[in-house]
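Asker: One structure coming up, written as structure tokens, with questions to follow.
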Amino acid sequence: MLLPTYAGTLEDYRLSGDPLTPRAPRVTLTRTAFAAAHVISDPLAERSPWDGRPAVDWAATLCFRHRLWDQGLGLAEAMDTAQRGMGVDWPTALELIQRTMAEARAHPLRPRVACGAGTDHLTLSDLTSLDAILAAYRTQMEAIEAAGGQIILMATRALPAIKAGPEDYAALYGKLIEESANPVILHWLGDMFDPALTGYWGAQDIATANNVVLDIITRHAAKIDGIKISLLDQAHEESFRAKLPPGVRLYTGDDFNYAPLIEGDGTHHSHALLGIFAAIAPAASQALEALAMGDSASYHALFAPTVPLSREIFKPPTRFYKAGIAFLSWLNGTQSHFIMPGGFQSSREIAHYAQVYRLADQARLLSDPDLAQSRMRSLLALHGIGG
């Protein structure tokens with residue numbers, strides 16, 4: 001098949017045809033791994049895709065989650081991977097949480113599910129004070145707890161918008177953490193994922209931000225399960241996790257450096273809360289199994305070819321990575337189309353999709369090569385390539 005390149009040329013590519021077989025781990029994993037999953041649209045029901053509520057194919061969306069659970073992974077639900085604030089509104093996210101929690105309770109593996117609580121049911125014009133932001137968080141936290149989910153306190157655009165200072169973050173997060181029924185997961189999302197989060201924790205420099213977050217965690221350690229950090233900075237994560245109080249986990253959100261961070265340095269290691277795990281589930285599950293069995297060679301052999309794939313999917317502008325996750329879901333037959341809420345599939349170019357196709361094949365992550373090739377041909381034809 002002729003595939004486009006970033007040089008503006010067409011080059012022949014032949015699939016290897018050697019996919020991993022998805023399966024459950026044979027041993028208990030030694031790392032907690034949450035895959036952040038996307039939402040699958042219902043194109044037939046979609047109306048006014050840029051302005052209206054997204055139409056969700058609930059059967060396909062929940063089936064995708066079952067596939068993750070069947071491979072021993074936990075689920076981070078209704079996070080930015082699910083296009084929160086980028087095509088998916090809070091009413092849709094809440095229905096997603098409620099449906100997912102019902103499915104999780106019935107699943108034989110009783111998978112862990114943590115759900116994103118934010119403030120996105122209100123506009124920034126409604127969130128001009130700490131009290132308003134606090135009330136907004138409470139609304140979503142109460143809904144998640146009522147559904148039976150663990151709370152992830154998602155970063156909110158509202159705090160940078162009002163230029164909140166470190167003391168404001170400390171006061172607000174302190175209240176939310178102590179009011180939660182169970183230990184929460186904090187969420188530090190870098191501005192490469194969402195430019196509106198620039199200056200989060202009330203600081204423009206990383207050293208000050210570290211101090212603010214560590215102080216919050218130290219004060220409330222008994223009510224904090226862990227913190228997810230998505231800054232794409234391995235050295236920072238390693239330094240930060242060494243300072244965490246005992247019992248508080250570091251959940252890596254580093255989609256570039258997850259392999260060494262999860263393996264650890266012999267003293268400290270990271271757990272995982274990653275969007276890329278939804279796309280590389282067979283490799284992730286089987287790599288974590290190898291790690292649990294003390295087989296470092298197999299761990300790295302499985303993860304190594306996924307890293308170029310992940311770096312391509314999460315290339316700048318990083319916030320458009322959701323398109324690559326949905327694209328692989330389509331290639332692998334877990335959805336029948338490549339349509340996303342808000343038409344988000346148009347956020348990446350055809351050369352990108354061609355490179356994701358190549359790298360997914362090389363990582364053994366195209367589960368049905370014939371289907372993947374057929375669907376890639378149809379996307380190329382849509383772009384006037386082939387025939």
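Labels used: A, B, ... for chains in the order of the structure tokens, numbers from 1 for residues in each chain, and numbers from 1 for ligands as shown.
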Among the residues of segment 116-149 of chain A, find those DSSP assigns to helix (DSSP H, G or I) from the backbone and print them as a PDB file with C-alpha atoms, in the first residue's frame.
Answerer:
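Dumped everything to out-v4.pdb:
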```pdb
ATOM      1  CA  LEU A 124     -15.967  30.257  33.012  1.00  0.00           C
ATOM      2  CA  SER A 125     -18.257  33.288  33.295  1.00  0.00           C
ATOM      3  CA  ASP A 126     -20.137  31.381  36.013  1.00  0.00           C
ATOM      4  CA  LEU A 130     -13.442  30.193  44.722  1.00  0.00           C
ATOM      5  CA  ASP A 131     -16.854  29.533  46.244  1.00  0.00           C
ATOM      6  CA  ALA A 132     -18.402  29.026  42.805  1.00  0.00           C
ATOM      7  CA  ILE A 133     -15.574  26.688  41.745  1.00  0.00           C
ATOM      8  CA  LEU A 134     -15.870  24.748  45.001  1.00  0.00           C
ATOM      9  CA  ALA A 135     -19.617  24.311  44.522  1.00  0.00           C
ATOM     10  CA  ALA A 136     -19.105  23.154  40.940  1.00  0.00           C
ATOM     11  CA  TYR A 137     -16.609  20.497  41.989  1.00  0.00           C
ATOM     12  CA  ARG A 138     -18.959  19.332  44.739  1.00  0.00           C
ATOM     13  CA  THR A 139     -21.768  18.836  42.230  1.00  0.00           C
ATOM     14  CA  GLN A 140     -19.699  16.471  40.110  1.00  0.00           C
ATOM     15  CA  MET A 141     -18.065  14.720  43.072  1.00  0.00           C
ATOM     16  CA  GLU A 142     -21.444  13.914  44.584  1.00  0.00           C
ATOM     17  CA  ALA A 143     -22.673  12.498  41.273  1.00  0.00           C
ATOM     18  CA  ILE A 144     -19.599  10.285  40.893  1.00  0.00           C
ATOM     19  CA  GLU A 145     -19.829   8.983  44.442  1.00  0.00           C
ATOM     20  CA  ALA A 146     -23.522   8.256  43.959  1.00  0.00           C
ATOM     21  CA  ALA A 147     -22.586   6.147  40.926  1.00  0.00           C
TER      22      ALA A 147
END
```
Asker: Skip segment 12-22 of chain A itself and residues of its chain fewer than 4 positions away, then list as a ChimeraX atom specification all residues within 10 Å of it, counting only C-alpha atoms.
Answerer: /A:1-4,67-68,70-71,281-283,285-286,302,354,357-358,360-370,372-373
Asker: I'd like the contact shell of Leu232 of chain A - 10 Å cut-off, only C-alpha atoms, skipping same-chain residues fewer than 2 positions apart - returned as a PyMOL selection string.
Answerer: chain A and resi 189-190+192-193+229-230+234-237+252-258
Asker: Kindly export the residues of the current selection with all heavy atoms, as a tab-separated table (two decimals), in the first residue's frame.
Answerer:
```
chain	number	residue	atom	x	y	z
A	189	LEU	N	-2.25	18.26	35.02
A	189	LEU	CA	-2.21	18.17	33.56
A	189	LEU	C	-1.47	19.39	33.02
A	189	LEU	O	-1.85	20.52	33.28
A	189	LEU	CB	-3.63	18.13	33.00
A	189	LEU	CG	-3.80	17.74	31.53
A	189	LEU	CD1	-3.40	16.29	31.31
A	189	LEU	CD2	-5.25	17.95	31.10
A	190	GLY	N	-0.41	19.14	32.27
A	190	GLY	CA	0.39	20.23	31.74
A	190	GLY	C	-0.29	21.00	30.64
A	190	GLY	O	-1.25	20.53	30.01
A	192	MET	N	0.69	21.53	27.77
A	192	MET	CA	0.79	20.93	26.44
A	192	MET	C	-0.46	20.13	26.10
A	192	MET	O	-0.79	19.92	24.94
A	192	MET	CB	2.05	20.04	26.32
A	192	MET	CG	2.04	18.76	27.14
A	192	MET	SD	2.24	19.04	28.95
A	192	MET	CE	3.92	19.64	29.01
A	193	PHE	N	-1.17	19.68	27.14
A	193	PHE	CA	-2.44	18.99	26.94
A	193	PHE	C	-3.61	19.97	26.87
A	193	PHE	O	-4.61	19.69	26.21
A	193	PHE	CB	-2.69	17.99	28.08
A	193	PHE	CG	-1.81	16.78	28.04
A	193	PHE	CD1	-0.60	16.76	28.70
A	193	PHE	CD2	-2.20	15.65	27.35
A	193	PHE	CE1	0.22	15.64	28.66
A	193	PHE	CE2	-1.39	14.53	27.29
A	193	PHE	CZ	-0.17	14.52	27.96
A	229	ILE	N	0.46	12.79	37.15
A	229	ILE	CA	1.23	13.90	36.60
A	229	ILE	C	1.43	13.67	35.12
A	229	ILE	O	1.96	12.65	34.70
A	229	ILE	CB	2.58	14.06	37.32
A	229	ILE	CG1	2.36	14.42	38.79
A	229	ILE	CG2	3.44	15.12	36.63
A	229	ILE	CD1	3.63	14.68	39.57
A	230	SER	N	0.99	14.64	34.32
A	230	SER	CA	1.12	14.59	32.86
A	230	SER	C	1.88	15.82	32.41
A	230	SER	O	1.30	16.77	31.89
A	230	SER	CB	-0.25	14.53	32.19
A	230	SER	OG	-0.94	13.36	32.53
A	234	GLN	N	10.33	13.15	32.43
A	234	GLN	CA	10.69	12.00	33.24
A	234	GLN	C	11.48	12.40	34.48
A	234	GLN	O	11.21	11.91	35.59
A	234	GLN	CB	11.51	11.01	32.41
A	234	GLN	CG	11.94	9.76	33.19
A	234	GLN	CD	12.71	8.77	32.33
A	234	GLN	OE1	12.68	8.86	31.11
A	234	GLN	NE2	13.40	7.85	32.97
A	235	ALA	N	12.45	13.28	34.33
A	235	ALA	CA	13.28	13.67	35.46
A	235	ALA	C	12.44	14.35	36.54
A	235	ALA	O	12.64	14.10	37.75
A	235	ALA	CB	14.41	14.60	35.01
A	236	HIS	N	11.51	15.20	36.13
A	236	HIS	CA	10.65	15.85	37.12
A	236	HIS	C	9.81	14.83	37.87
A	236	HIS	O	9.69	14.89	39.10
A	236	HIS	CB	9.73	16.87	36.44
A	236	HIS	CG	8.69	17.42	37.37
A	236	HIS	ND1	7.42	16.89	37.48
A	236	HIS	CD2	8.76	18.43	38.28
A	236	HIS	CE1	6.75	17.55	38.40
A	236	HIS	NE2	7.52	18.49	38.89
A	237	GLU	N	9.22	13.88	37.15
A	237	GLU	CA	8.38	12.89	37.81
A	237	GLU	C	9.18	12.05	38.80
A	237	GLU	O	8.72	11.78	39.91
A	237	GLU	CB	7.71	11.99	36.77
A	237	GLU	CG	6.77	10.96	37.39
A	237	GLU	CD	5.93	10.23	36.37
A	237	GLU	OE1	5.46	10.86	35.41
A	237	GLU	OE2	5.73	9.01	36.55
A	252	THR	N	1.76	7.83	36.66
A	252	THR	CA	2.34	8.54	35.53
A	252	THR	C	1.28	8.81	34.46
A	252	THR	O	0.48	7.94	34.12
A	252	THR	CB	3.53	7.79	34.93
A	252	THR	OG1	4.13	8.63	33.95
A	252	THR	CG2	3.13	6.46	34.28
A	253	GLY	N	1.31	10.02	33.96
A	253	GLY	CA	0.54	10.38	32.80
A	253	GLY	C	1.47	10.75	31.66
A	253	GLY	O	1.07	11.44	30.73
A	254	ASP	N	2.73	10.29	31.77
A	254	ASP	CA	3.76	10.62	30.79
A	254	ASP	C	3.70	9.62	29.64
A	254	ASP	O	4.23	8.51	29.74
A	254	ASP	CB	5.14	10.60	31.45
A	254	ASP	CG	6.24	11.12	30.54
A	254	ASP	OD1	6.08	11.04	29.31
A	254	ASP	OD2	7.26	11.60	31.07
A	255	ASP	N	3.06	10.01	28.56
A	255	ASP	CA	2.86	9.12	27.42
A	255	ASP	C	4.11	8.97	26.56
A	255	ASP	O	4.06	8.30	25.53
A	255	ASP	CB	1.69	9.62	26.58
A	255	ASP	CG	0.39	9.65	27.37
A	255	ASP	OD1	-0.26	8.61	27.47
A	255	ASP	OD2	0.05	10.73	27.89
A	256	PHE	N	5.21	9.59	26.98
A	256	PHE	CA	6.49	9.44	26.29
A	256	PHE	C	7.45	8.51	27.02
A	256	PHE	O	8.25	7.82	26.39
A	256	PHE	CB	7.17	10.80	26.12
A	256	PHE	CG	6.52	11.73	25.14
A	256	PHE	CD1	7.00	13.01	24.98
A	256	PHE	CD2	5.43	11.33	24.38
A	256	PHE	CE1	6.42	13.89	24.07
A	256	PHE	CE2	4.83	12.20	23.47
A	256	PHE	CZ	5.33	13.48	23.32
A	257	ASN	N	7.40	8.51	28.35
A	257	ASN	CA	8.44	7.85	29.15
A	257	ASN	C	7.87	6.85	30.15
A	257	ASN	O	8.46	6.60	31.19
A	257	ASN	CB	9.25	8.92	29.91
A	257	ASN	CG	9.85	9.95	28.97
A	257	ASN	OD1	10.70	9.65	28.15
A	257	ASN	ND2	9.40	11.20	29.10
A	258	TYR	N	6.72	6.26	29.82
A	258	TYR	CA	6.04	5.40	30.78
A	258	TYR	C	6.82	4.13	31.12
A	258	TYR	O	6.76	3.66	32.26
A	258	TYR	CB	4.64	5.04	30.28
A	258	TYR	CG	4.56	4.59	28.84
A	258	TYR	CD1	4.72	3.27	28.47
A	258	TYR	CD2	4.33	5.55	27.84
A	258	TYR	CE1	4.65	2.89	27.14
A	258	TYR	CE2	4.26	5.16	26.51
A	258	TYR	CZ	4.42	3.83	26.16
A	258	TYR	OH	4.36	3.47	24.85
```
Asker: Between atom CA of Ala161 of chain A and atom CA of Ala78 of chain A, what is the distance in Å, rounded to a tenth?
Answerer: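 These atoms are spaced 22.4 Å apart.
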Asker: Between atom CA of Thr32 of chain A and atom CA of His66 of chain A, what is the distance in Å, rounded to a tenth?
Answerer: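 Atom-to-atom, atom CA of Thr32 of chain A and atom CA of His66 of chain A are spaced 17.2 Å apart.
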Asker: From the DSSP assignment of the backbone, select every residue of segment 99-191 of chain A that is strand (DSSP E or B), and format the answer as a PyMOL selection string.
Answerer: chain A and resi 113-117+150-153+184-189
Asker: Got a sec: who's within 12 Å of Met86 of chain A, counting only C-alpha atoms, leaving out chain neighbours fewer than 2 positions off, as JSON, numbers by chain?
Answerer: {"A": [38, 39, 49, 50, 51, 53, 54, 78, 79, 80, 81, 82, 83, 84, 88, 89, 90, 93, 120, 193, 194, 319, 320, 321, 322, 323, 340, 341, 342, 343, 344, 345, 347]}
Asker: Identify which of the residues A:Ala164, A:Val27, A:Ile151, A:Leu197 lies closest to Ser180 of chain A, counting only C-alpha atoms when measuring atom-to-atom distances.
Answerer: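 Closest to Ser180 of chain A, using only C-alpha atoms: A:Ile151.
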Asker: Just the residues within 9 Å of Ile216 of chain A, please, counting only C-alpha atoms, with nothing from its chain fewer than 5 positions along; format it as a tab-separated table (two decimals) with all heavy atoms, in the first residue's frame.
Answerer:
```tsv
chain	number	residue	atom	x	y	z
A	169	TYR	N	-5.45	27.53	45.86
A	169	TYR	CA	-5.42	26.10	45.53
A	169	TYR	C	-5.40	25.27	46.81
A	169	TYR	O	-6.11	24.25	46.92
A	169	TYR	CB	-4.19	25.78	44.69
A	169	TYR	CG	-4.30	26.20	43.25
A	169	TYR	CD1	-3.99	27.50	42.85
A	169	TYR	CD2	-4.70	25.30	42.27
A	169	TYR	CE1	-4.09	27.90	41.51
A	169	TYR	CE2	-4.80	25.68	40.93
A	169	TYR	CZ	-4.50	26.98	40.57
A	169	TYR	OH	-4.60	27.37	39.24
A	170	ALA	N	-4.60	25.68	47.78
A	170	ALA	CA	-4.50	24.93	49.03
A	170	ALA	C	-5.85	24.89	49.74
A	170	ALA	O	-6.27	23.83	50.24
A	170	ALA	CB	-3.44	25.55	49.92
A	171	ALA	N	-6.53	26.01	49.78
A	171	ALA	CA	-7.82	26.06	50.49
A	171	ALA	C	-8.87	25.24	49.76
A	171	ALA	O	-9.60	24.43	50.37
A	171	ALA	CB	-8.28	27.52	50.61
A	173	TYR	N	-8.53	22.77	47.34
A	173	TYR	CA	-8.24	21.34	47.29
A	173	TYR	C	-8.36	20.71	48.67
A	173	TYR	O	-8.81	19.56	48.80
A	173	TYR	CB	-6.86	21.09	46.68
A	173	TYR	CG	-6.88	20.99	45.17
A	173	TYR	CD1	-6.77	22.12	44.37
A	173	TYR	CD2	-7.01	19.76	44.54
A	173	TYR	CE1	-6.79	22.04	42.98
A	173	TYR	CE2	-7.04	19.65	43.16
A	173	TYR	CZ	-6.93	20.79	42.39
A	173	TYR	OH	-6.96	20.70	41.01
A	174	GLY	N	-7.96	21.44	49.70
A	174	GLY	CA	-8.08	20.90	51.05
A	174	GLY	C	-9.52	20.55	51.40
A	174	GLY	O	-9.80	19.47	51.94
A	211	ASN	N	6.11	22.76	45.25
A	211	ASN	CA	5.93	23.03	46.68
A	211	ASN	C	4.46	23.13	47.05
A	211	ASN	O	4.03	22.64	48.10
A	211	ASN	CB	6.66	24.32	47.07
A	211	ASN	CG	8.17	24.18	46.99
A	211	ASN	OD1	8.71	23.07	47.08
A	211	ASN	ND2	8.88	25.29	46.81
A	221	ALA	N	-2.60	13.57	53.32
A	221	ALA	CA	-2.11	12.31	52.75
A	221	ALA	C	-3.07	11.14	52.99
A	221	ALA	O	-3.20	10.25	52.13
A	221	ALA	CB	-0.73	11.98	53.32
```
Asker: Determine the nearest neighbour of Ala242 of chain A from the options A:Leu214, A:Ala259, A:Ala351, A:Ala104, counting only C-alpha atoms.
Answerer: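 For Ala242 of chain A, the nearest of the given residues is A:Leu214.
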Asker: I'd like the contact shell of Tyr6 of chain A - 12 Å cut-off, only C-alpha atoms, skipping same-chain residues fewer than 5 positions apart - returned as a list in words.
Answerer: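 My reading of the contact set: Glu11, Glu349, Ile350, Ala351, His352, Tyr353, Ala354 and Gln355 of chain A.
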Asker: Could you check the closest approach to Ala203 of chain A for each of A:Ala181, A:Lys163, A:His187, A:Gly226 and tell me which residue wins, using only C-alpha atoms?
Answerer: A:Lys163
Asker: Name the closest residue to Leu153 of chain A among the candidates A:Asp225, A:Glu95, A:Asp191, A:Glu103; distances are taken between atoms, counting only C-alpha atoms.
Answerer: A:Asp225
Asker: Calculated over only C-alpha atoms, which of the candidates A:Ala292, A:Gly72, A:Ile162, A:Gly199 has the smallest distance to Ala24 of chain A?
Answerer: A:Gly72
Asker: Closest to Leu186 of chain A among A:Gly266, A:Thr218, A:Ile152, A:Asn210, using only C-alpha atoms?
Answerer: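 Nearest to Leu186 of chain A: A:Ile152.
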Asker: Work out how far apart atom CA of Arg112 of chain A and atom CA of Gly247 of chain A are and give it in Å to one decimal.
Answerer: 17.8 Å
